[in-house]
Structures are given as structure tokens and as C-alpha cells.
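J.: Pasting entry01.cif below, which is mmCIF, C-alpha atoms and all ligand atoms.
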data_coords
#
loop_
_atom_site.label_atom_id
_atom_site.label_comp_id
_atom_site.auth_asym_id
_atom_site.auth_seq_id
_atom_site.Cartn_x
_atom_site.Cartn_y
_atom_site.Cartn_z
CA MET A 1 121.33 201.51 32.81
CA ALA A 2 121.64 198.47 30.57
CA GLY A 3 119.92 198.35 27.19
CA PHE A 4 118.03 195.44 25.69
CA THR A 5 119.65 192.02 25.53
CA PRO A 6 120.19 190.91 21.94
CA ILE A 7 117.62 188.58 20.37
CA VAL A 8 119.01 185.27 19.16
CA GLY A 9 118.37 183.91 15.67
CA ASN A 10 116.43 185.14 12.63
CA GLU A 11 118.84 187.99 12.20
CA SER A 12 118.23 188.58 8.49
CA THR A 13 114.47 188.59 9.10
CA ARG A 14 114.85 191.28 11.72
CA ALA A 15 117.30 193.21 9.54
CA ARG A 16 114.69 193.34 6.74
CA LEU A 17 112.07 194.69 9.15
CA TRP A 18 114.39 197.30 10.60
CA ARG A 19 115.47 198.29 7.05
CA ALA A 20 111.84 198.74 6.03
CA ALA A 21 111.28 200.97 9.07
CA ALA A 22 114.41 203.00 8.35
CA ASP A 23 113.40 203.45 4.71
CA GLY A 24 109.84 204.40 5.61
CA ARG A 25 108.40 201.43 3.68
CA LEU A 26 106.56 199.70 6.50
CA HIS A 27 103.69 197.43 5.63
CA HIS A 28 100.81 198.35 7.93
CA CYS A 29 100.13 194.74 8.92
CA TYR A 30 102.85 192.14 9.40
CA LEU A 31 102.14 188.48 10.01
CA PHE A 32 104.97 186.96 12.06
CA GLU A 33 104.76 183.23 11.47
CA GLY A 34 106.99 180.34 12.53
CA PRO A 35 107.41 177.63 15.17
CA GLU A 36 106.68 178.25 18.85
CA GLY A 37 109.41 179.86 20.91
CA VAL A 38 111.71 181.10 18.15
CA GLY A 39 111.38 184.80 19.01
CA LYS A 40 108.31 186.08 17.14
CA ALA A 41 106.69 187.76 20.16
CA VAL A 42 110.00 189.10 21.46
CA THR A 43 110.75 190.53 18.03
CA ALA A 44 107.27 192.10 17.78
CA LEU A 45 107.78 193.96 21.04
CA ARG A 46 111.36 194.93 20.17
CA PHE A 47 110.15 196.20 16.79
CA ALA A 48 107.53 198.29 18.56
CA CYS A 49 110.35 199.80 20.62
CA ALA A 50 112.48 200.36 17.51
CA LEU A 51 109.61 202.24 15.84
CA ASN A 52 109.27 204.55 18.82
CA CYS A 53 112.62 204.74 20.65
CA GLU A 54 113.47 208.34 21.52
CA THR A 55 117.09 207.88 20.47
CA VAL A 56 116.42 206.38 17.03
CA PRO A 57 115.87 209.02 14.35
CA VAL A 58 112.64 208.71 12.36
CA ASP A 59 114.30 208.04 9.00
CA GLY A 60 117.40 206.42 7.63
CA SER A 61 118.51 204.73 10.81
CA LEU A 62 119.03 201.03 11.35
CA ARG A 63 119.81 201.37 15.02
CA GLU A 64 118.49 199.07 17.68
CA PRO A 65 116.16 200.68 20.22
CA CYS A 66 118.14 201.92 23.21
CA GLY A 67 116.14 200.02 25.81
CA THR A 68 116.65 202.78 28.35
CA CYS A 69 114.53 205.77 27.25
CA ALA A 70 111.09 206.10 28.85
CA THR A 71 109.35 205.05 25.62
CA CYS A 72 111.45 201.89 25.21
CA ARG A 73 110.93 200.93 28.81
CA GLN A 74 107.17 201.46 28.67
CA PHE A 75 106.80 199.53 25.40
CA ALA A 76 108.99 196.69 26.66
CA ALA A 77 107.02 196.50 29.91
CA GLY A 78 103.77 196.54 27.95
CA THR A 79 102.56 199.66 29.75
CA HIS A 80 102.78 202.28 27.00
CA PRO A 81 99.33 203.68 26.18
CA ASP A 82 100.08 203.41 22.46
CA LEU A 83 100.82 199.71 22.68
CA VAL A 84 97.76 197.51 22.22
CA ARG A 85 98.32 193.85 23.04
CA VAL A 86 95.52 191.55 22.07
CA VAL A 87 95.44 188.09 23.64
CA PRO A 88 92.68 185.46 23.87
CA ASP A 89 89.76 186.40 26.11
CA PRO A 90 90.77 185.06 29.58
CA GLY A 91 87.08 184.63 30.42
CA ARG A 92 86.65 181.90 27.80
CA ALA A 93 87.46 178.25 28.24
CA THR A 94 88.74 178.01 24.67
CA ARG A 95 91.55 180.15 23.32
CA VAL A 96 89.65 182.73 21.29
CA ILE A 97 89.85 186.43 20.48
CA THR A 98 86.22 187.46 20.23
CA ALA A 99 84.32 189.85 17.97
CA GLU A 100 83.70 191.98 21.04
CA GLN A 101 87.47 192.29 21.54
CA ALA A 102 87.87 193.15 17.85
CA ARG A 103 85.28 195.93 18.15
CA GLY A 104 87.14 197.15 21.25
CA ILE A 105 90.36 197.41 19.23
CA ILE A 106 88.62 199.36 16.49
CA ALA A 107 87.06 201.76 19.01
CA GLY A 108 90.43 202.26 20.71
CA LEU A 109 92.15 203.04 17.42
CA SER A 110 89.64 205.79 16.67
CA LEU A 111 91.07 207.75 19.61
CA GLN A 112 94.10 210.01 19.32
CA ARG A 113 97.51 208.49 19.80
CA HIS A 114 99.02 209.31 23.17
CA SER A 115 102.67 210.17 22.50
CA ALA A 116 104.25 207.45 20.35
CA ARG A 117 105.30 207.97 16.74
CA ARG A 118 103.51 204.77 15.85
CA ARG A 119 100.81 203.01 17.74
CA VAL A 120 101.50 199.27 17.69
CA VAL A 121 98.84 196.57 17.89
CA ILE A 122 100.24 193.10 18.61
CA VAL A 123 97.81 190.20 18.27
CA ASP A 124 99.21 186.99 19.74
CA PRO A 125 98.19 184.39 18.71
CA ALA A 126 96.37 185.72 15.68
CA ASP A 127 94.99 182.23 14.95
CA ALA A 128 92.74 182.73 18.01
CA PHE A 129 90.51 185.17 16.10
CA THR A 130 87.02 183.84 15.72
CA GLU A 131 85.72 184.17 12.20
CA GLU A 132 83.38 186.93 13.33
CA ALA A 133 86.25 188.79 15.01
CA ALA A 134 88.46 188.49 11.95
CA ASN A 135 85.67 189.74 9.70
CA ALA A 136 85.02 192.68 12.02
CA LEU A 137 88.68 193.65 11.78
CA LEU A 138 89.24 193.16 8.04
CA LYS A 139 88.65 196.75 7.06
CA THR A 140 90.91 198.02 9.83
CA LEU A 141 93.67 195.54 8.91
CA GLU A 142 93.46 196.69 5.31
CA GLU A 143 93.49 200.37 6.12
CA PRO A 144 94.43 201.10 9.72
CA PRO A 145 94.27 204.66 11.07
CA GLU A 146 97.34 206.69 10.22
CA GLY A 147 100.37 205.88 12.38
CA THR A 148 99.09 202.45 13.35
CA GLN A 149 101.16 199.30 12.99
CA PHE A 150 99.59 195.85 13.21
CA ILE A 151 101.70 192.81 14.06
CA LEU A 152 99.89 189.46 13.97
CA VAL A 153 101.80 186.58 15.56
CA THR A 154 101.10 182.91 14.88
CA ALA A 155 102.64 179.45 14.88
CA ARG A 156 99.67 178.19 12.84
CA PRO A 157 99.31 180.51 9.84
CA ALA A 158 97.08 177.99 8.06
CA ALA A 159 94.48 178.51 10.80
CA LEU A 160 94.03 182.17 9.83
CA LEU A 161 91.29 183.26 7.47
CA THR A 162 92.64 183.72 3.94
CA THR A 163 91.19 187.21 4.00
CA VAL A 164 93.37 188.07 7.01
CA ARG A 165 96.48 186.50 5.50
CA SER A 166 96.00 188.34 2.23
CA ARG A 167 95.88 191.68 4.02
CA SER A 168 99.17 191.00 5.81
CA GLN A 169 102.78 190.85 4.79
CA ARG A 170 104.13 187.49 5.90
CA VAL A 171 107.38 187.49 7.85
CA ARG A 172 108.76 183.99 8.34
CA PHE A 173 110.71 183.00 11.44
CA GLY A 174 112.68 179.77 11.57
CA PRO A 175 114.41 177.66 14.23
CA VAL A 176 117.63 179.11 15.59
CA PRO A 177 120.72 177.25 14.29
CA ARG A 178 122.24 174.91 16.87
CA ALA A 179 125.60 176.66 17.28
CA GLU A 180 123.99 180.09 17.61
CA LEU A 181 121.49 178.87 20.19
CA ALA A 182 124.22 177.03 22.15
CA THR A 183 126.32 180.22 22.38
CA TRP A 184 123.27 182.16 23.53
CA LEU A 185 122.47 179.57 26.21
CA VAL A 186 126.03 179.45 27.52
CA ALA A 187 126.07 183.25 27.78
CA ARG A 188 123.07 182.85 30.11
CA GLY A 189 124.86 180.32 32.27
CA LEU A 190 122.79 177.47 30.80
CA GLY A 191 123.93 174.21 29.25
CA ALA A 192 124.71 174.12 25.53
CA GLU A 193 123.09 170.66 25.32
CA LEU A 194 119.67 172.35 25.67
CA ALA A 195 120.16 173.58 22.10
CA ASP A 196 119.71 170.02 20.85
CA ALA A 197 116.82 169.15 23.15
CA SER A 198 114.87 172.29 22.20
CA LEU A 199 115.02 171.83 18.42
CA GLY A 200 116.18 175.37 17.78
CA SER A 201 113.60 177.09 19.97
CA PRO A 202 115.12 179.45 22.59
CA GLY A 203 111.72 179.58 24.32
CA ALA A 204 111.61 175.79 24.65
CA ALA A 205 115.26 175.76 25.84
CA LEU A 206 114.42 178.23 28.61
CA ARG A 207 111.44 176.13 29.67
CA LEU A 208 113.65 173.02 29.78
CA ALA A 209 116.20 174.96 31.86
CA GLU A 210 113.45 175.94 34.28
CA GLY A 211 112.50 172.28 34.61
CA GLU A 212 116.13 171.45 35.38
CA ALA A 213 116.28 174.24 37.93
CA ALA A 214 113.18 172.82 39.61
CA GLU A 215 114.80 169.38 39.64
CA ARG A 216 117.95 170.84 41.24
CA ALA A 217 115.88 172.60 43.89
CA ALA A 218 114.04 169.34 44.67
CA ARG A 219 117.38 167.51 45.00
CA LEU A 220 118.58 170.20 47.40
CA ASP A 221 115.43 169.93 49.45
CA SER A 222 115.69 166.17 49.81
CA LEU A 223 119.36 166.50 50.75
CA LEU A 224 118.50 169.01 53.47
CA ALA A 225 115.65 166.80 54.65
CA SER A 226 117.79 163.65 54.94
CA VAL A 227 121.21 164.71 56.12
CA GLY A 228 121.54 165.28 59.85
CA LYS A 229 118.93 162.56 60.46
CA PRO A 230 119.90 159.08 61.74
CA LEU A 231 122.40 157.39 59.44
CA HIS A 232 119.90 154.87 58.05
CA THR A 233 117.86 157.82 56.71
CA VAL A 234 120.99 159.28 55.15
CA PHE A 235 121.90 155.97 53.56
CA SER A 236 118.47 155.41 52.09
CA PHE A 237 118.84 158.90 50.56
CA THR A 238 122.22 158.00 49.02
CA GLU A 239 120.76 154.72 47.78
CA ALA A 240 117.89 156.56 46.09
CA ALA A 241 120.27 159.16 44.64
CA GLY A 242 122.39 156.37 43.14
CA LYS A 243 119.35 154.82 41.50
CA LYS A 244 118.20 157.96 39.70
CA GLY A 245 118.82 157.77 36.00
CA ASP A 246 120.91 155.04 34.49
CA ASP A 247 124.24 156.39 35.75
CA ALA A 248 124.72 155.99 39.51
CA ASP A 249 127.90 158.06 39.53
CA ALA A 250 126.11 160.93 37.76
CA GLY A 251 123.50 160.77 40.54
CA ALA A 252 126.29 160.94 43.15
CA ALA A 253 127.90 163.89 41.35
CA GLN A 254 124.57 165.76 41.40
CA VAL A 255 124.23 165.27 45.16
CA ILE A 256 127.80 166.48 45.65
CA ASP A 257 126.93 169.58 43.59
CA ALA A 258 123.84 170.08 45.75
CA LEU A 259 125.89 169.81 48.92
CA GLU A 260 128.30 172.40 47.59
CA VAL A 261 125.35 174.74 46.98
CA VAL A 262 124.16 174.17 50.54
CA LEU A 263 127.62 174.96 51.93
CA ARG A 264 127.71 178.14 49.87
CA ASP A 265 124.25 179.06 51.13
CA VAL A 266 125.37 178.37 54.70
CA ALA A 267 128.26 180.79 54.20
CA CYS A 268 125.76 183.36 52.87
CA VAL A 269 123.47 182.86 55.87
CA ALA A 270 126.41 183.23 58.24
CA ALA A 271 127.58 186.37 56.48
CA GLY A 272 124.05 187.80 56.39
CA ARG A 273 124.04 187.91 52.57
CA SER A 274 120.80 187.37 50.70
CA GLU A 275 121.85 185.77 47.39
CA ARG A 276 121.16 182.24 48.59
CA VAL A 277 119.76 179.55 46.35
CA ARG A 278 117.30 178.22 48.92
CA ALA A 279 117.02 181.30 51.10
CA ASP A 280 113.72 180.19 52.58
CA HIS A 281 114.72 176.70 53.66
CA PRO A 282 114.21 176.28 57.44
CA ALA A 283 117.16 173.85 57.79
CA LEU A 284 119.70 176.36 56.52
CA GLY A 285 119.76 178.40 59.72
CA LEU A 286 120.50 175.26 61.74
CA TRP A 287 123.22 174.19 59.34
CA ALA A 288 124.76 177.65 59.57
CA GLN A 289 124.75 177.50 63.36
CA ALA A 290 126.35 174.08 63.35
CA LEU A 291 128.87 174.47 60.56
CA TRP A 292 130.07 178.05 60.39
CA PRO A 293 132.95 178.57 59.93
CA GLY A 294 135.13 175.50 60.69
CA GLY A 295 132.64 172.87 59.54
CA VAL A 296 132.08 174.59 56.20
CA ALA A 297 135.81 174.65 55.55
CA ARG A 298 136.23 170.97 56.48
CA LEU A 299 133.23 169.89 54.43
CA SER A 300 134.30 171.94 51.42
CA ALA A 301 137.55 169.99 51.52
CA ALA A 302 135.54 166.76 51.83
CA VAL A 303 133.48 167.76 48.76
CA ALA A 304 136.65 168.30 46.75
CA GLU A 305 137.97 164.94 47.90
CA ALA A 306 134.70 163.19 47.02
CA ARG A 307 134.86 164.62 43.50
CA GLU A 308 138.41 163.38 43.16
CA ARG A 309 137.37 159.88 44.31
CA LEU A 310 134.55 159.84 41.76
CA ARG A 311 137.05 160.82 39.12
CA LEU A 312 139.21 157.88 40.20
CA ASN A 313 136.20 155.61 39.61
CA VAL A 314 135.42 154.87 43.22
CA ASN A 315 131.81 153.66 43.42
CA GLY A 316 129.42 156.62 43.61
CA ARG A 317 127.36 155.19 46.44
CA THR A 318 130.50 154.56 48.54
CA VAL A 319 131.72 158.11 47.95
CA LEU A 320 128.35 159.59 48.89
CA ASP A 321 127.93 157.47 52.01
CA ALA A 322 131.32 158.59 53.32
CA LEU A 323 130.74 162.23 52.44
CA LEU A 324 127.28 162.49 53.97
CA ALA A 325 128.38 160.58 57.05
CA SER A 326 131.01 163.26 57.63
CA VAL A 327 128.33 165.95 57.18
CA ASN A 328 126.28 164.13 59.81
CA LEU A 329 129.24 164.03 62.13
CA GLU A 330 129.82 167.79 61.77
CA LEU A 331 126.13 168.52 62.37
CA SER A 332 125.97 166.22 65.41
CA GLN A 333 129.01 167.67 67.17
CA VAL A 334 127.23 170.91 67.83
CA ARG A 335 124.12 169.31 69.18
CA ARG A 336 126.06 167.68 71.99
ZN ZN B 1 114.76 203.98 23.51
#
Rewrite the structure from the file as C-alpha cells, please.

T.:
Amino acid sequence: MAGFTPIVGNESTRARLWRAAADGRLHHCYLFEGPEGVGKAVTALRFACALNCETVPVDGSLREPCGTCATCRQFAAGTHPDLVRVVPDPGRATRVITAEQARGIIAGLSLQRHSARRRVVIVDPADAFTEEAANALLKTLEEPPEGTQFILVTARPAALLTTVRSRSQRVRFGPVPRAELATWLVARGLGAELADASLGSPGAALRLAEGEAAERAARLDSLLASVGKPLHTVFSFTEAAGKKGDDADAGAAQVIDALEVVLRDVACVAAGRSERVRADHPALGLWAQALWPGGVARLSAAVAEARERLRLNVNGRTVLDALLASVNLELSQVRR
């Protein structure tokens, strides 16, 4: 079984935390502060695992949690009974952690620990505490029950009561350096250029990538909806594709990529494999019937040729029209 994937960025910050744990000099309440999406919450959960992992000795060890023992898995999944995650009350319109929730935490902490070496309370975001909630918790934050670790997470430390801040040890997280984030993204099969767009926030980069994935899926859907229809429908699709963005040839290249994905999916459908990109699309079955196997081979060659023509600066619209017309021809031959 695979262990945890490494966290990107803020390495020295994490090293200091792990060192403190190894040396037995943990502060009982850490305040993880820094911009959104730079790994504060991920680190809090990973730290909870590190404090409790069955394979990490109690003292003197700087090892990462294994990610595979039952304790690691339960903490990482948020299901361990000694992990208390406090989030804003979902029943409220505004994002607040109420005094009632605070009293609930205190009552919970008065019970015996279940099995973990350290019970970990993660409050995220800690700036959601109402003043009353924060005041109710002050004594507990100052002197939590033995074996209890508080981690408060916030992107807006100034919004916390001074009394809460003063009872915590501040741990500052910063943006992830561009090169480091780019390497991390590429290792996940994502574009390095997201590192710039996300301003050093891996969380923001992942959200941007999701947006791009949604865009790709939409492009695929409109391709499947247009091709195989009368040629004027196909040509208004290629016209629209050419207009997207300021670079018509880039638009054409994206449609060619989408067609390649469809052909790969068709091959998967024909082979009965499930790892398709748009497994649920109703048109795929029809395409598979019409194109497998000869049509897929011919169209794959046509895709390669279209890419070559684009490279040779043939007009993107012209390339697309020709390519999709040949897809239409392949699809129509079966219907006869
Ligand atoms: Zn473990």
C-alpha cells in the first residue's frame, strides 16, 4: 500500500514542527497562519498523523508518518475518534464557530482518549470563532487536558482575538516558490504554467486545473454533439472553435486533442475497458459501433496529419473542417 504523498512547500516550517514533536517540546496550541491554499490544513492533518503513527517512535524520531497503519489511515480520513475537527456551524448562514460548539469541544475533551497517543483538535478556520466561543475556550487553549494538541488554522490571523493569539504559538506558512510548485504540478500531470496563475498556492492551482478539466469536458461534449450531424452543423462548430480565445489555431489544436480523446475512448468502449474520459456519454457507443476498428485507425492517422498541417501553418479552420468532414464520412458509412 502506498504511503502519503509528499506535501509541497514550507518544508522548513514543517521540519521545525516535526523536530519539536521528536524532541518532546510541543506547544499545546499551534496557530497555522498564511495565505489560502498553501498547505496549512494538509499539514495540520499530516502532523496529527505524525504524532500518532504506529511506526514512528514516540521520541527522537523525525520520520514522516507511514500513511498505511490503521491510525494514519483513520486520522487522514478524518474518522479517528481522537481527531476533533471543528468547522463553522453548517446550520448558520454566516461562517461562525459558535459558543455551543466550543462548549461541545470542552465536554468532549473531558472524556478519556480512545487509543491515540495525542488527541488532536483542528479548528479551521479559527477566525470563525465568535467572541463568546473564543472566550469559552480560552482556559482550555491555555491548559488543555493532558495529551491534547490544538491546531488553529487561519488565513486571517488579525481576525482572531488577541487573547487567542497570545495563547498560541504562531507557525507561519508562505506561498510555495514557483519552481517547486511547477515541479509538483508536473508530477501530477498538470501544467507548470498553473504555478504562475496560482500565485504560489497549490490549492488554487488545483482549483484552476479543475476548471480547465471542466472546460475540456465541455469541449468534448460539444464535439460529440456536433460531429456526425449534417455538415453545416459541423462547420458552425469549427467556426465557433476557431473563434474561442484570440488564437484560432490554438482553438483548432484543442479540438484535435478532444477528438483524439474521443478516439481513445472509442477504443476503450470497443475493448470493454472502463477508464474512459467521458464514459457516460451516450454518443460514444454509436461512435464505437461505427468506427471500431478500421475507422479509429484511419482517423488516428488523420489526427496526426491535421497536427502536422497546423504545424506547417495551414489555417486552423481549414484543417478542422477537413478533419471533421472525414470523421463525418466515417460515421456515415456505417449508417448506410
Ligand atoms: Zn502510520

J.: Could you give me the residues within 9 Å of ligand ZN 1 (chain B), counting only C-alpha atoms and all ligand atoms, as a list in words?

T.: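 These are the residues that qualify: Gly3, Cys49, Ala50, Asn52, Cys53, Glu54, Thr55, Val56, Glu64, Pro65, Cys66, Gly67, Thr68, Cys69, Ala70, Thr71, Cys72 and Arg73 of chain A.
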
J.: Pick out the closest residue to Leu31 in chain A from this set: A:Gly242, A:Pro157, A:Pro57, A:Pro202. Count only C-alpha atoms.

T.: A:Pro157

J.: Residues at most 12 Å from Ala283 in chain A, counting all atoms listed in the file, excluding those fewer than 2 positions away in the same chain, as a list of chain:residue names?

T.: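 In the requested format, the answer is A:Leu220, A:Asp221, A:Ser222, A:Leu223, A:Leu224, A:Ala225, A:Ser226, A:Val227, A:Gly228, A:Lys229, A:Val262, A:Asp265, A:Val266, A:Val269, A:Arg278, A:Ala279, A:Asp280, A:His281, A:Gly285, A:Leu286, A:Trp287, A:Ala288, A:Gln289, A:Ala290, A:Leu331.
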
J.: Limited to C-alpha atoms, could you put the picked residues into a file as a tab-separated table (two decimals), in the frame of the given file?

T.:
chain	number	residue	atom	x	y	z
A	220	LEU	CA	118.58	170.20	47.40
A	221	ASP	CA	115.43	169.93	49.45
A	222	SER	CA	115.69	166.17	49.81
A	223	LEU	CA	119.36	166.50	50.75
A	224	LEU	CA	118.50	169.01	53.47
A	225	ALA	CA	115.65	166.80	54.65
A	226	SER	CA	117.79	163.65	54.94
A	227	VAL	CA	121.21	164.71	56.12
A	228	GLY	CA	121.54	165.28	59.85
A	229	LYS	CA	118.93	162.56	60.46
A	262	VAL	CA	124.16	174.17	50.54
A	265	ASP	CA	124.25	179.06	51.13
A	266	VAL	CA	125.37	178.37	54.70
A	269	VAL	CA	123.47	182.86	55.87
A	278	ARG	CA	117.30	178.22	48.92
A	279	ALA	CA	117.02	181.30	51.10
A	280	ASP	CA	113.72	180.19	52.58
A	281	HIS	CA	114.72	176.70	53.66
A	285	GLY	CA	119.76	178.40	59.72
A	286	LEU	CA	120.50	175.26	61.74
A	287	TRP	CA	123.22	174.19	59.34
A	288	ALA	CA	124.76	177.65	59.57
A	289	GLN	CA	124.75	177.50	63.36
A	290	ALA	CA	126.35	174.08	63.35
A	331	LEU	CA	126.13	168.52	62.37

J.: I need the residue nearest Glu239 in chain A from this list: A:Cys29, A:Leu320, A:Ile7, A:Leu83. Use all atoms listed in the file for the distance.

T.: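 With all atoms listed in the file as the atom set, the closest residue is A:Leu320.
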
J.: Go through A:Arg207, A:Lys139, A:Arg25, A:Lys40 one by one, measure the shortest atom-to-atom distance of each to Val176 in chain A using only C-alpha atoms, and give the residue with the smallest value.

T.: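 Among the listed residues, the smallest separation from Val176 in chain A belongs to A:Lys40.
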
J.: With only C-alpha atoms as the basis for distance, which of A:Gln74, A:Glu36, A:Val123, A:Arg92 is at the shortest distance from Ser198 in chain A?

T.: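 Looking only at the distances to Ser198 in chain A, the closest residue turns out to be A:Glu36.
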
J.: CA of Val8 in chain A and CA of Arg165 in chain A are how many Å apart?

T.: 26.4 Å

J.: Once you count all atoms listed in the file, which residues end up no further than 12 Å from (124.7, 174.5, 30.7) in the file's frame, shown as a ChimeraX atom specification?

T.: /A:181-196,205-206,208-210,212-213

J.: Limited to C-alpha atoms, could you put the picked residues into a file as a compact mmCIF listing (two decimals), keeping the file's coordinate frame?

T.:
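Below is the file result_6.txt, written as the result:
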# COMPACT_ATOMS: atom_id res chain seq x y z
CA LEU A 181 121.49 178.87 20.19
CA ALA A 182 124.22 177.03 22.15
CA THR A 183 126.32 180.22 22.38
CA TRP A 184 123.27 182.16 23.53
CA LEU A 185 122.47 179.57 26.21
CA VAL A 186 126.03 179.45 27.52
CA ALA A 187 126.07 183.25 27.78
CA ARG A 188 123.07 182.85 30.11
CA GLY A 189 124.86 180.32 32.27
CA LEU A 190 122.79 177.47 30.80
CA GLY A 191 123.93 174.21 29.25
CA ALA A 192 124.71 174.12 25.53
CA GLU A 193 123.09 170.66 25.32
CA LEU A 194 119.67 172.35 25.67
CA ALA A 195 120.16 173.58 22.10
CA ASP A 196 119.71 170.02 20.85
CA ALA A 205 115.26 175.76 25.84
CA LEU A 206 114.42 178.23 28.61
CA LEU A 208 113.65 173.02 29.78
CA ALA A 209 116.20 174.96 31.86
CA GLU A 210 113.45 175.94 34.28
CA GLU A 212 116.13 171.45 35.38
CA ALA A 213 116.28 174.24 37.93

J.: To one decimal in Å, tell me the separation between CA of Glu215 in chain A and CA of Ile256 in chain A.

T.: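 Distance between the two atoms: 14.6 Å.
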
J.: For Ala21 in chain A, which residue out of A:Phe47, A:Glu146, A:Leu141, A:Asn328 is the nearest one, using all atoms listed in the file?

T.: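 Among the listed residues, the smallest separation from Ala21 in chain A belongs to A:Phe47.
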
J.: Please, which residues are within 12 Å of (115.4, 197.6, 6.9) by the file's coordinates, counting only C-alpha atoms, and could they come as a count of residues only?

T.: 26

J.: Set the distance at 6 Å and use all atoms listed in the file: which residues neighbour range 107-121 of chain A once local chain neighbours fewer than 5 positions away are removed? I'd like the list as JSON, numbers by chain.

T.: {"A": [52, 82, 83, 84, 85, 147, 148, 149, 150]}

J.: Could you please determine the separation between CA of Ala304 in chain A and CA of Ala267 in chain A in Å, to one decimal place?

T.: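 Here the two named atoms are 16.8 Å from each other.
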
J.: Using only C-alpha atoms, can you tell me which of A:Leu199, A:Val42, A:Ala204, A:Val327 comes closest to Glu260 in chain A?

T.: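 Smallest separation from Glu260 in chain A among the options: A:Val327.
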
J.: For Glu100 in chain A, work out the shell of residues within 12 Å, counting all atoms listed in the file and skipping chain neighbours fewer than 6 positions away, then give it as a list of chain:residue names.

T.: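 Here the answer would be A:Val86, A:Pro88, A:Asp89, A:Ile106, A:Ala107, A:Phe129, A:Thr130, A:Glu131, A:Glu132, A:Ala133, A:Ala134, A:Asn135, A:Ala136, A:Leu137.
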